[in-house]
Amino acid sequence: MNLLDIRNLSIELETPNGLILAVDRVSLSIKEGEVRGLVGESGSGKSLLAQAIIGVLEDKWHVHADRFHWRGIDLLRLTIDERRALLCRDIAMIFQEPMSCLDPTTLIGDQLGEAIDSSQLSGFFWQRKKQRQEAVIKLLHKVGIKKHNQCISSYPHQLTEAICQRVMIAIALAGRPILLIADEPTAAMESTNQAQIFRLLANLNQLKNMSILLISHDLENITHWTNTITVMYSGQFVEAGTTEQIFNKPMHPYTRALVDSSTKANLQLPPKSRLMALPGSIPILQHLPIGCRLGPRCPRAQQTCVAAPKVSSFHGHKVSCHFPLLRETVKKESAKRKIVKGKN
Amino acid sequence: MSVLLDVKEIEKSFKLKGHWYHKQKFTALSPLSFSVEAKKTLAIVGETGSGKSTLAKILVGAETPSAGKIFLNGQMLQNKRFKQRCQHIRMIFQDSGTTLNPSLTILELLDEPLTLNTDLGEKERHQLIRTTLQKVGLLGDHMNFYPHMFSGGQKQRISLARAIILQPQVIILDEALAALDPSLRSQMINLLLDLQQQMGLAYILISHNLGIVRHFSDDVMVMSHGKVVESGKTIEIMRTPQHKVTQKLMMSQNFQLK
């Protein structure tokens, strides 16, 4: 069953010049125990989408959706308080830059203890404090921090960034969430630390069957860790499918360009040769192109692209493009076969 | 090919606070030597605290080395003689958003190095700024804009324009590609490679991303705790990493060359 099922979610921003459609009809579904990657460059609305899911957007953002189900419950019908209570219990989020998200004036141990709900503690009120302490230590062990005493009695600035991110994950785990939303958890981190954090998330996914929504701006960094990937561009849905489908047979010109421009995916390229790159730059929110927002940069754009394309599905591989790439190659192949047959 | 930049036994240590009878020293860089040829790229990889940024600062002249000499075209670069140095060695930083002065237009930004380092008249300077902006893929009319009117990728191009406007020989890229979005990053790599061929530049690339290092550089130098642990041709090192630090770096990025 789908854990999270979002269909055609739109987010609009109220500005003095009227509403701006920041996220345009994006669909996202997460199955139980799956790691889903959400990839998009800056300004693609991926963080907005994550914030809309957990409902922490400000009032100036208007969220609409055709369907917004969490484990079969229609969230749109609930009041905001009910929705918050439900999502607080089941979903947790970790942010980029852990140093700035932790309270700099409070000890790590206190911050962790705060996150533990008293309903998880059994026992009389005089036993609670000790139990909380034990729960904190257990949480720290879970995220792989062995020197728990030292960690508990230090402030965030005394710890390294990777340890801080581990503490953030520990705080997120305190509520025993079913879904963890990781919004660029390894931005501005060293590669060795990045690998540690990703490995920790993968472990949690395997051992606790926790689903993870992994948000990143770089496709090549997360392909190793995800089962399925959704790609967004400038607030529009681009492509969704399994990691293999996206990485090996991209159908959307944008995903194709992302994979081609990745230096890791093209190791056979001779060094210092030119990389494939899309012309132009990412449009800003005030001047979004109409129709398919990739249009002005797309190498395959045609006149029909001024209308927003509909999502089409090929064996679970969803793509939103008027001229997806796979069809052509199939046609070419079949044409080749025909020629061969004709010769025979 | 002739050696462009030759670094010999560079060393840097900082004095730490301590008593007069108990002096403490922190060695940021142990003696190291390397050389770069024109039209070649040297990549420096390593963890934070491995001294790669200190090395970049010493090369560009922002720090003075404790010992050692730097030769450019056989000529020794003296410490604190910036006029000589900043014409030939330029640097691009990671975050272009914060390294451009927001209160100056692009014209004023690019004019600064020219007035300080050359004797060109106003008309010539403007002409040079115009051609340099066109070289990095922007329009000449962009010079009346302020930095906030540009996107991240364009800002990085302006930093590049500021670096190449004095016709340097060496450009140091300190994580200059890390903060860019992937589709803009490949544009930038193409631009840098083109400029290298046109102007005969030598690059010193400091980067975490081994994919870029493999694509972009000819030689690589792996650093750890202020020491060079491995150096040589990029392809050979990536094929057969010898040192533990290199192996760990490659493991952490799931990077394998066959």
# chains A, B, ... in the order shown; residues from 1 in each chain; ligands from 1
$ residues_around --residues "Pro299 (chain A)" --least-positions-apart "6" --cutoff "10 Å" --atoms "only C-alpha atoms" --output "ChimeraX atom specification"
/A:253-254,257,278-279
$ write_last_selection --atoms "N, CA and C atoms" --output "short mmCIF file (atom, residue, chain, number, x, y, z; two decimals), in the first residue's frame"
data_model
loop_
_atom_site.label_atom_id
_atom_site.label_comp_id
_atom_site.auth_asym_id
_atom_site.auth_seq_id
_atom_site.Cartn_x
_atom_site.Cartn_y
_atom_site.Cartn_z
N PRO A 253 14.02 14.94 -21.74
CA PRO A 253 15.27 15.60 -22.15
C PRO A 253 16.04 16.20 -20.98
N TYR A 254 15.32 16.65 -19.95
CA TYR A 254 16.00 17.27 -18.81
C TYR A 254 16.78 16.22 -18.02
N ALA A 257 19.78 15.26 -19.87
CA ALA A 257 20.86 16.24 -19.75
C ALA A 257 21.55 16.12 -18.41
N LEU A 278 22.83 21.88 -20.90
CA LEU A 278 21.67 22.63 -21.39
C LEU A 278 22.06 24.10 -21.48
N PRO A 279 21.63 24.79 -22.53
CA PRO A 279 21.93 26.22 -22.59
C PRO A 279 21.06 26.99 -21.60
#
$ residues_around --residues "region 139-145 of chain B" --least-positions-apart "5" --cutoff "9 Å" --atoms "only C-alpha atoms" --output "PDB file with C-alpha atoms, in the first residue's frame"
ATOM      1  CA  LEU B 104      29.042  47.903  -6.884  1.00  0.00           C
ATOM      2  CA  THR B 105      27.941  47.354 -10.454  1.00  0.00           C
ATOM      3  CA  ILE B 106      29.697  44.734 -12.531  1.00  0.00           C
ATOM      4  CA  LEU B 107      31.550  47.537 -14.328  1.00  0.00           C
ATOM      5  CA  GLU B 108      32.954  48.875 -11.061  1.00  0.00           C
ATOM      6  CA  LEU B 110      35.762  44.517 -12.927  1.00  0.00           C
ATOM      7  CA  ILE B 129      35.572  44.647 -19.662  1.00  0.00           C
ATOM      8  CA  ARG B 130      33.151  44.311 -22.545  1.00  0.00           C
ATOM      9  CA  THR B 131      35.246  41.713 -24.347  1.00  0.00           C
ATOM     10  CA  THR B 132      35.940  39.803 -21.119  1.00  0.00           C
ATOM     11  CA  LEU B 133      32.247  39.591 -20.315  1.00  0.00           C
ATOM     12  CA  GLN B 134      31.598  38.256 -23.795  1.00  0.00           C
ATOM     13  CA  PHE B 150      22.182  37.621 -11.718  1.00  0.00           C
TER      14      PHE B 150
END
$ closest_atom_pairs --of "chain B" --to "chain A" --cutoff "6 Å" --atoms "only C-alpha atoms" --output "Markdown table"
| residue | atom | partner | partner_atom | distance |
| --- | --- | --- | --- | --- |
| B:Asp181 | CA | A:Glu41 | CA | 5.8 |
| B:Ser186 | CA | A:Ala277 | CA | 5.6 |
| B:Gln187 | CA | A:Ala277 | CA | 5.6 |
| B:Asn190 | CA | A:Arg274 | CA | 5.6 |
| B:Gly211 | CA | A:Lys264 | CA | 4.8 |
| B:Ile212 | CA | A:Thr263 | CA | 5.9 |
| B:His215 | CA | A:Pro271 | CA | 4.5 |
| B:Phe216 | CA | A:Lys272 | CA | 5.4 |
| B:Ser252 | CA | A:Thr192 | CA | 5.3 |
$ residues_around --residues "His317 (chain A)" --least-positions-apart "5" --cutoff "8 Å" --atoms "only C-alpha atoms" --output "list in words"
Glu239, Ala240, Gly241, Thr242 and Gln245 of chain A
$ residues_around --residues "Lys52 (chain B)" --least-positions-apart "3" --cutoff "12 Å" --atoms "only C-alpha atoms" --output "JSON, numbers by chain"
{"B": [12, 28, 29, 30, 32, 43, 44, 45, 46, 47, 48, 49, 55, 56, 57, 58, 59, 172, 173, 174, 175, 204, 205, 206, 207, 208, 221, 222, 223, 224, 225, 226, 227, 228]}
$ write_last_selection --atoms "C-alpha atoms" --output "short mmCIF file (atom, residue, chain, number, x, y, z; two decimals), in the first residue's frame"
data_model
loop_
_atom_site.label_atom_id
_atom_site.label_comp_id
_atom_site.auth_asym_id
_atom_site.auth_seq_id
_atom_site.Cartn_x
_atom_site.Cartn_y
_atom_site.Cartn_z
CA LYS B 12 53.48 26.71 6.86
CA ALA B 28 49.44 23.27 8.62
CA LEU B 29 51.68 22.28 5.75
CA SER B 30 54.70 20.02 5.86
CA LEU B 32 55.91 20.05 -0.20
CA ALA B 43 43.79 18.87 -8.79
CA ILE B 44 44.20 18.91 -5.03
CA VAL B 45 41.91 16.60 -3.09
CA GLY B 46 41.71 15.89 0.60
CA GLU B 47 39.52 16.21 3.65
CA THR B 48 38.92 19.44 5.50
CA GLY B 49 41.90 20.38 7.62
CA LEU B 55 48.14 26.02 0.18
CA ALA B 56 45.81 27.97 -2.11
CA LYS B 57 46.11 31.03 0.10
CA ILE B 58 49.89 30.82 0.07
CA LEU B 59 49.99 30.54 -3.71
CA ILE B 172 43.09 28.70 -8.53
CA LEU B 173 39.60 27.25 -8.29
CA ASP B 174 38.83 26.78 -4.61
CA GLU B 175 35.72 24.56 -4.69
CA ILE B 204 44.78 24.46 -9.72
CA LEU B 205 41.51 22.80 -8.84
CA ILE B 206 40.53 22.14 -5.25
CA SER B 207 37.55 19.84 -5.18
CA HIS B 208 35.77 17.06 -3.34
CA MET B 221 47.69 15.53 -5.48
CA VAL B 222 46.06 13.86 -2.48
CA MET B 223 46.63 15.63 0.82
CA SER B 224 46.06 14.58 4.38
CA HIS B 225 47.04 16.46 7.54
CA GLY B 226 49.27 18.88 5.67
CA LYS B 227 51.20 16.18 3.85
CA VAL B 228 51.05 15.01 0.28
#
$ closest_residue --among "B:Val60, B:Leu195, B:Leu100, B:Leu210" --to "Gln156 (chain B)" --atoms "only C-alpha atoms"
B:Leu100
$ residues_around --residues "region 83-99 of chain A" --least-positions-apart "2" --cutoff "7 Å" --atoms "only C-alpha atoms" --output "compact mmCIF listing (two decimals) with N, CA and C atoms, in the first residue's frame"
# COMPACT_ATOMS: atom_id res chain seq x y z
N ILE A 54 4.67 18.19 5.41
CA ILE A 54 4.54 18.19 6.86
C ILE A 54 3.77 19.41 7.36
N LEU A 75 -5.96 13.60 4.09
CA LEU A 75 -5.50 14.68 4.97
C LEU A 75 -6.23 15.99 4.70
N LEU A 78 -9.14 16.65 7.05
CA LEU A 78 -8.91 16.88 8.47
C LEU A 78 -8.69 18.37 8.72
N THR A 79 -8.95 18.78 9.94
CA THR A 79 -8.61 20.16 10.29
C THR A 79 -7.11 20.23 10.48
N ILE A 80 -6.61 21.46 10.53
CA ILE A 80 -5.15 21.63 10.60
C ILE A 80 -4.58 20.99 11.86
N ASP A 81 -5.29 21.11 12.98
CA ASP A 81 -4.77 20.56 14.22
C ASP A 81 -4.72 19.03 14.19
N CYS A 101 20.38 24.33 12.83
CA CYS A 101 19.03 23.89 13.21
C CYS A 101 18.97 23.52 14.68
N LEU A 102 20.10 23.16 15.27
CA LEU A 102 20.09 22.83 16.69
C LEU A 102 20.18 24.11 17.50
N PRO A 156 26.07 22.31 20.59
CA PRO A 156 26.25 21.99 19.16
C PRO A 156 27.56 22.49 18.56
N GLU A 161 30.22 18.60 12.23
CA GLU A 161 28.97 18.69 11.48
C GLU A 161 28.31 17.33 11.31
N CYS A 164 26.63 16.40 14.46
CA CYS A 164 25.41 17.20 14.61
C CYS A 164 24.29 16.62 13.76
N GLN A 165 24.62 16.22 12.53
CA GLN A 165 23.58 15.65 11.68
C GLN A 165 23.08 14.34 12.28
N MET A 168 20.68 15.25 14.88
CA MET A 168 19.41 15.63 14.24
C MET A 168 18.60 14.39 13.89
N ILE A 169 19.29 13.40 13.34
CA ILE A 169 18.60 12.17 12.96
C ILE A 169 18.06 11.50 14.22
N ALA A 172 14.98 13.15 15.21
CA ALA A 172 13.91 12.74 14.31
C ALA A 172 13.41 11.34 14.66
N GLY A 175 10.59 10.18 17.81
CA GLY A 175 9.15 9.96 17.71
C GLY A 175 8.79 8.66 17.00
N PRO A 177 9.27 7.61 13.78
CA PRO A 177 8.49 7.94 12.59
C PRO A 177 8.42 6.78 11.61
N ILE A 178 7.43 6.83 10.73
CA ILE A 178 7.31 5.84 9.67
C ILE A 178 7.98 6.37 8.41
N LEU A 179 7.91 7.69 8.26
CA LEU A 179 8.55 8.32 7.11
C LEU A 179 9.52 9.38 7.59
N LEU A 180 10.73 9.35 7.05
CA LEU A 180 11.71 10.38 7.38
C LEU A 180 11.96 11.20 6.13
N ILE A 181 11.76 12.51 6.24
CA ILE A 181 12.05 13.38 5.11
C ILE A 181 13.41 14.01 5.36
N ALA A 182 14.35 13.74 4.49
CA ALA A 182 15.70 14.27 4.66
C ALA A 182 15.93 15.32 3.59
N ASP A 183 15.91 16.59 3.98
CA ASP A 183 16.06 17.68 3.02
C ASP A 183 17.53 18.03 2.89
N GLU A 184 18.18 17.54 1.88
CA GLU A 184 19.61 17.74 1.64
C GLU A 184 20.41 17.52 2.93
N PRO A 185 20.40 16.31 3.47
CA PRO A 185 21.05 16.08 4.76
C PRO A 185 22.56 16.24 4.70
N THR A 186 23.15 16.17 3.51
CA THR A 186 24.61 16.19 3.46
C THR A 186 25.15 17.39 2.70
N ALA A 187 24.33 18.42 2.54
CA ALA A 187 24.84 19.60 1.84
C ALA A 187 26.00 20.19 2.63
$ closest_residue --among "A:His287, A:Phe124, A:Ile145, A:Met232" --to "Leu159 (chain A)" --atoms "only C-alpha atoms"
A:Ile145
$ residues_around --residues "Thr230 (chain A)" --least-positions-apart "4" --cutoff "12 Å" --atoms "only C-alpha atoms" --output "MDAnalysis selection string"
chainID A and resid 26:30 35:40 44 46 213:217 219 222:223 226 236:243 245:247 250 252 255 316:320
$ write_last_selection --atoms "C-alpha atoms" --output "mmCIF file, in the first residue's frame"
data_model
loop_
_atom_site.group_PDB
_atom_site.id
_atom_site.type_symbol
_atom_site.label_atom_id
_atom_site.label_comp_id
_atom_site.auth_asym_id
_atom_site.auth_seq_id
_atom_site.Cartn_x
_atom_site.Cartn_y
_atom_site.Cartn_z
ATOM 1 C CA VAL A 26 3.273 17.485 -8.833
ATOM 2 C CA SER A 27 2.470 13.870 -7.986
ATOM 3 C CA LEU A 28 4.471 11.843 -5.519
ATOM 4 C CA SER A 29 3.860 8.485 -3.945
ATOM 5 C CA ILE A 30 5.949 6.653 -1.392
ATOM 6 C CA VAL A 35 13.854 5.119 -0.239
ATOM 7 C CA ARG A 36 12.609 7.689 -2.691
ATOM 8 C CA GLY A 37 14.878 10.365 -4.061
ATOM 9 C CA LEU A 38 13.504 13.761 -4.960
ATOM 10 C CA VAL A 39 15.902 15.516 -7.294
ATOM 11 C CA GLY A 40 15.754 19.054 -8.574
ATOM 12 C CA SER A 44 12.633 23.530 -8.410
ATOM 13 C CA LYS A 46 11.518 20.363 -3.826
ATOM 14 C CA LEU A 213 12.236 10.733 1.183
ATOM 15 C CA LEU A 214 15.725 11.848 0.239
ATOM 16 C CA ILE A 215 15.871 15.328 -1.256
ATOM 17 C CA SER A 216 18.952 16.377 -3.162
ATOM 18 C CA HIS A 217 19.994 18.772 -5.879
ATOM 19 C CA LEU A 219 21.327 13.268 -9.175
ATOM 20 C CA ILE A 222 22.004 9.817 -4.388
ATOM 21 C CA THR A 223 21.550 7.191 -7.085
ATOM 22 C CA THR A 226 17.602 5.183 -3.602
ATOM 23 C CA GLN A 236 7.039 21.012 -12.470
ATOM 24 C CA PHE A 237 7.035 17.264 -12.368
ATOM 25 C CA VAL A 238 9.534 15.860 -14.860
ATOM 26 C CA GLU A 239 10.000 12.151 -14.452
ATOM 27 C CA ALA A 240 9.562 9.379 -11.927
ATOM 28 C CA GLY A 241 10.646 5.770 -11.948
ATOM 29 C CA THR A 242 13.039 3.312 -10.423
ATOM 30 C CA THR A 243 16.644 4.407 -10.072
ATOM 31 C CA GLN A 245 15.050 3.514 -15.235
ATOM 32 C CA ILE A 246 15.941 7.113 -14.469
ATOM 33 C CA PHE A 247 19.677 6.678 -14.627
ATOM 34 C CA PRO A 250 15.966 8.620 -19.012
ATOM 35 C CA HIS A 252 12.756 13.319 -20.420
ATOM 36 C CA THR A 255 16.852 14.026 -17.024
ATOM 37 C CA GLY A 316 5.573 2.550 -14.061
ATOM 38 C CA HIS A 317 8.057 4.971 -15.539
ATOM 39 C CA LYS A 318 6.172 8.253 -15.530
ATOM 40 C CA VAL A 319 7.293 11.109 -17.704
ATOM 41 C CA SER A 320 5.833 14.513 -18.349
#
$ atom_distance --atom1 "CA of Ile108 (chain A)" --atom2 "CA of Phe125 (chain A)"
22.6 Å
$ select_by_dssp --residues "region 22-241 of chain A" --states "alpha helix (DSSP H)" --output "ChimeraX atom specification"
/A:46-54,80-90,98-101,108-115,125-142,148-152,161-174,191-208,219-222
$ select_by_dssp --residues "region 6-238 of chain B" --states "strand (DSSP E)" --output "CSV table (one decimal) with N, CA and C atoms, in the first residue's frame"
chain,number,residue,atom,x,y,z
B,6,ASP,N,56.4,26.7,-10.3
B,6,ASP,CA,57.2,25.7,-9.6
B,6,ASP,C,57.2,26.0,-8.1
B,7,VAL,N,56.8,25.1,-7.3
B,7,VAL,CA,56.7,25.3,-5.9
B,7,VAL,C,57.7,24.4,-5.2
B,8,LYS,N,58.6,25.1,-4.4
B,8,LYS,CA,59.7,24.2,-3.8
B,8,LYS,C,59.6,24.3,-2.3
B,9,GLU,N,59.4,23.2,-1.7
B,9,GLU,CA,59.6,23.0,-0.2
B,9,GLU,C,58.8,24.1,0.6
B,10,ILE,N,57.5,24.3,0.2
B,10,ILE,CA,56.7,25.2,0.9
B,10,ILE,C,56.3,24.6,2.2
B,11,GLU,N,56.2,25.5,3.2
B,11,GLU,CA,55.9,25.0,4.6
B,11,GLU,C,55.2,26.1,5.3
B,12,LYS,N,54.2,25.7,6.1
B,12,LYS,CA,53.5,26.7,6.9
B,12,LYS,C,53.2,26.2,8.2
B,13,SER,N,53.5,27.0,9.2
B,13,SER,CA,53.1,26.6,10.6
B,13,SER,C,52.6,27.8,11.3
B,14,PHE,N,51.6,27.6,12.2
B,14,PHE,CA,51.1,28.6,13.0
B,14,PHE,C,51.5,28.5,14.4
B,15,LYS,N,51.8,29.7,15.1
B,15,LYS,CA,52.1,29.6,16.5
B,15,LYS,C,50.8,29.5,17.3
B,16,LEU,N,50.8,28.7,18.3
B,16,LEU,CA,49.6,28.6,19.1
B,16,LEU,C,50.0,29.3,20.4
B,17,LYS,N,48.9,29.6,21.2
B,17,LYS,CA,49.1,30.2,22.5
B,17,LYS,C,49.8,29.2,23.4
B,18,GLY,N,50.8,29.7,24.1
B,18,GLY,CA,51.4,28.9,25.1
B,18,GLY,C,52.4,29.7,25.9
B,19,HIS,N,53.0,29.1,26.9
B,19,HIS,CA,53.9,29.8,27.7
B,19,HIS,C,55.2,30.0,27.0
B,22,HIS,N,57.1,27.0,26.9
B,22,HIS,CA,56.4,25.8,26.4
B,22,HIS,C,55.7,26.3,25.1
B,23,LYS,N,56.6,26.6,24.1
B,23,LYS,CA,56.0,27.1,22.8
B,23,LYS,C,55.3,26.0,22.0
B,24,GLN,N,54.1,26.3,21.5
B,24,GLN,CA,53.4,25.3,20.7
B,24,GLN,C,53.4,25.7,19.3
B,25,LYS,N,53.5,24.8,18.4
B,25,LYS,CA,53.4,25.1,17.0
B,25,LYS,C,52.4,24.1,16.3
B,26,PHE,N,51.7,24.7,15.4
B,26,PHE,CA,50.8,23.8,14.6
B,26,PHE,C,51.2,23.8,13.2
B,27,THR,N,51.6,22.7,12.7
B,27,THR,CA,52.0,22.6,11.3
B,27,THR,C,50.9,22.4,10.4
B,28,ALA,N,50.5,23.4,9.6
B,28,ALA,CA,49.4,23.3,8.6
B,28,ALA,C,49.9,22.6,7.3
B,29,LEU,N,51.1,22.9,7.0
B,29,LEU,CA,51.7,22.3,5.8
B,29,LEU,C,53.1,21.8,6.0
B,30,SER,N,53.3,20.5,5.8
B,30,SER,CA,54.7,20.0,5.9
B,30,SER,C,55.3,20.4,4.5
B,31,PRO,N,56.7,20.4,4.5
B,31,PRO,CA,57.3,20.8,3.2
B,31,PRO,C,56.8,20.0,2.0
B,32,LEU,N,56.4,20.8,1.0
B,32,LEU,CA,55.9,20.0,-0.2
B,32,LEU,C,56.3,20.8,-1.4
B,33,SER,N,56.5,20.1,-2.5
B,33,SER,CA,56.9,20.7,-3.8
B,33,SER,C,56.1,20.1,-4.9
B,34,PHE,N,55.8,20.9,-5.9
B,34,PHE,CA,55.1,20.4,-7.1
B,34,PHE,C,55.3,21.5,-8.2
B,35,SER,N,55.0,21.1,-9.4
B,35,SER,CA,55.1,22.0,-10.5
B,35,SER,C,53.9,21.9,-11.4
B,36,VAL,N,53.5,22.9,-12.1
B,36,VAL,CA,52.4,22.9,-13.0
B,36,VAL,C,52.9,23.5,-14.3
B,37,GLU,N,52.4,22.8,-15.4
B,37,GLU,CA,52.8,23.3,-16.7
B,37,GLU,C,51.6,24.1,-17.3
B,41,THR,N,46.1,21.1,-15.7
B,41,THR,CA,45.3,21.3,-14.5
B,41,THR,C,45.8,20.3,-13.4
B,42,LEU,N,46.1,20.9,-12.3
B,42,LEU,CA,46.5,20.1,-11.1
B,42,LEU,C,45.3,20.1,-10.1
B,43,ALA,N,44.9,18.9,-9.8
B,43,ALA,CA,43.8,18.9,-8.8
B,43,ALA,C,44.4,18.6,-7.4
B,44,ILE,N,43.8,19.2,-6.4
B,44,ILE,CA,44.2,18.9,-5.0
B,44,ILE,C,43.0,18.4,-4.3
B,45,VAL,N,43.0,17.2,-3.8
B,45,VAL,CA,41.9,16.6,-3.1
B,45,VAL,C,42.4,16.3,-1.7
B,46,GLY,N,41.4,16.2,-0.8
B,46,GLY,CA,41.7,15.9,0.6
B,46,GLY,C,40.6,16.3,1.5
B,67,ALA,N,58.4,28.8,5.1
B,67,ALA,CA,59.7,28.6,4.4
B,67,ALA,C,59.3,28.1,3.0
B,68,GLY,N,60.3,28.2,2.1
B,68,GLY,CA,60.1,27.7,0.8
B,68,GLY,C,60.0,28.8,-0.2
B,69,LYS,N,60.0,28.4,-1.5
B,69,LYS,CA,60.0,29.4,-2.6
B,69,LYS,C,59.0,29.0,-3.6
B,70,ILE,N,58.5,30.0,-4.3
B,70,ILE,CA,57.6,29.8,-5.4
B,70,ILE,C,58.2,30.5,-6.6
B,71,PHE,N,58.3,29.7,-7.7
B,71,PHE,CA,58.8,30.3,-8.9
B,71,PHE,C,57.7,30.3,-10.0
B,72,LEU,N,57.6,31.5,-10.7
B,72,LEU,CA,56.6,31.5,-11.8
B,72,LEU,C,57.4,31.9,-13.0
B,75,GLN,N,60.9,32.9,-12.4
B,75,GLN,CA,61.1,34.1,-11.6
B,75,GLN,C,60.6,33.8,-10.2
B,76,MET,N,61.3,34.2,-9.2
B,76,MET,CA,60.8,33.9,-7.8
B,76,MET,C,59.8,35.0,-7.4
B,89,ILE,N,48.6,35.2,-10.9
B,89,ILE,CA,47.8,34.2,-10.2
B,89,ILE,C,46.5,34.7,-9.6
B,90,ARG,N,45.4,34.2,-10.1
B,90,ARG,CA,44.1,34.7,-9.6
B,90,ARG,C,43.3,33.5,-9.0
B,91,MET,N,42.3,33.9,-8.3
B,91,MET,CA,41.6,32.8,-7.5
B,91,MET,C,40.1,33.0,-7.7
B,92,ILE,N,39.4,31.9,-7.7
B,92,ILE,CA,37.9,32.0,-7.7
B,92,ILE,C,37.4,31.2,-6.5
B,170,VAL,N,47.9,31.6,-14.1
B,170,VAL,CA,47.4,30.5,-13.2
B,170,VAL,C,46.1,30.9,-12.6
B,171,ILE,N,45.1,30.1,-12.6
B,171,ILE,CA,43.9,30.4,-11.8
B,171,ILE,C,43.6,29.3,-10.8
B,172,ILE,N,43.4,29.7,-9.6
B,172,ILE,CA,43.1,28.7,-8.5
B,172,ILE,C,41.6,28.6,-8.3
B,173,LEU,N,41.0,27.4,-8.5
B,173,LEU,CA,39.6,27.2,-8.3
B,173,LEU,C,39.4,26.6,-6.9
B,174,ASP,N,39.0,27.4,-5.9
B,174,ASP,CA,38.8,26.8,-4.6
B,174,ASP,C,37.4,26.3,-4.4
B,202,ALA,N,46.8,27.7,-16.7
B,202,ALA,CA,47.0,26.5,-15.8
B,202,ALA,C,46.0,26.7,-14.7
B,203,TYR,N,45.3,25.6,-14.4
B,203,TYR,CA,44.4,25.6,-13.3
B,203,TYR,C,44.9,24.8,-12.1
B,204,ILE,N,44.6,25.3,-10.9
B,204,ILE,CA,44.8,24.5,-9.7
B,204,ILE,C,43.4,24.3,-9.1
B,205,LEU,N,42.9,23.1,-9.2
B,205,LEU,CA,41.5,22.8,-8.8
B,205,LEU,C,41.5,22.1,-7.5
B,206,ILE,N,40.7,22.8,-6.6
B,206,ILE,CA,40.5,22.1,-5.2
B,206,ILE,C,39.1,21.7,-5.2
B,219,ASP,N,46.9,16.1,-13.5
B,219,ASP,CA,47.6,15.5,-12.4
B,219,ASP,C,46.7,15.7,-11.1
B,220,VAL,N,47.0,14.9,-10.2
B,220,VAL,CA,46.2,15.0,-8.9
B,220,VAL,C,47.2,14.9,-7.8
B,221,MET,N,46.9,15.6,-6.7
B,221,MET,CA,47.7,15.5,-5.5
B,221,MET,C,46.7,15.3,-4.3
B,222,VAL,N,46.9,14.2,-3.6
B,222,VAL,CA,46.1,13.9,-2.5
B,222,VAL,C,46.7,14.3,-1.2
B,223,MET,N,46.0,15.1,-0.4
B,223,MET,CA,46.6,15.6,0.8
B,223,MET,C,45.9,15.1,2.0
B,224,SER,N,46.7,15.0,3.1
B,224,SER,CA,46.1,14.6,4.4
B,224,SER,C,46.9,15.1,5.5
B,227,LYS,N,50.2,16.9,4.6
B,227,LYS,CA,51.2,16.2,3.9
B,227,LYS,C,50.6,15.7,2.5
B,228,VAL,N,51.5,15.6,1.5
B,228,VAL,CA,51.1,15.0,0.3
B,228,VAL,C,51.2,13.5,0.4
B,229,VAL,N,50.1,12.8,0.3
B,229,VAL,CA,50.3,11.3,0.5
B,229,VAL,C,50.4,10.6,-0.8
B,230,GLU,N,49.9,11.2,-1.9
B,230,GLU,CA,50.0,10.6,-3.2
B,230,GLU,C,49.9,11.6,-4.2
B,231,SER,N,50.7,11.5,-5.3
B,231,SER,CA,50.5,12.4,-6.4
B,231,SER,C,51.0,11.8,-7.7
B,232,GLY,N,50.5,12.2,-8.8
B,232,GLY,CA,50.8,11.7,-10.1
B,232,GLY,C,49.7,12.0,-11.1
B,233,LYS,N,49.8,11.2,-12.2
B,233,LYS,CA,48.7,11.4,-13.2
B,233,LYS,C,47.4,11.0,-12.6
$ atom_distance --atom1 "CA of Pro289 (chain A)" --atom2 "CA of Cys305 (chain A)"
10.4 Å
$ residues_around --residues "Leu192 (chain B)" --least-positions-apart "4" --cutoff "9 Å" --atoms "only C-alpha atoms" --output "ChimeraX atom specification"
/B:136,160,187-188,196-197
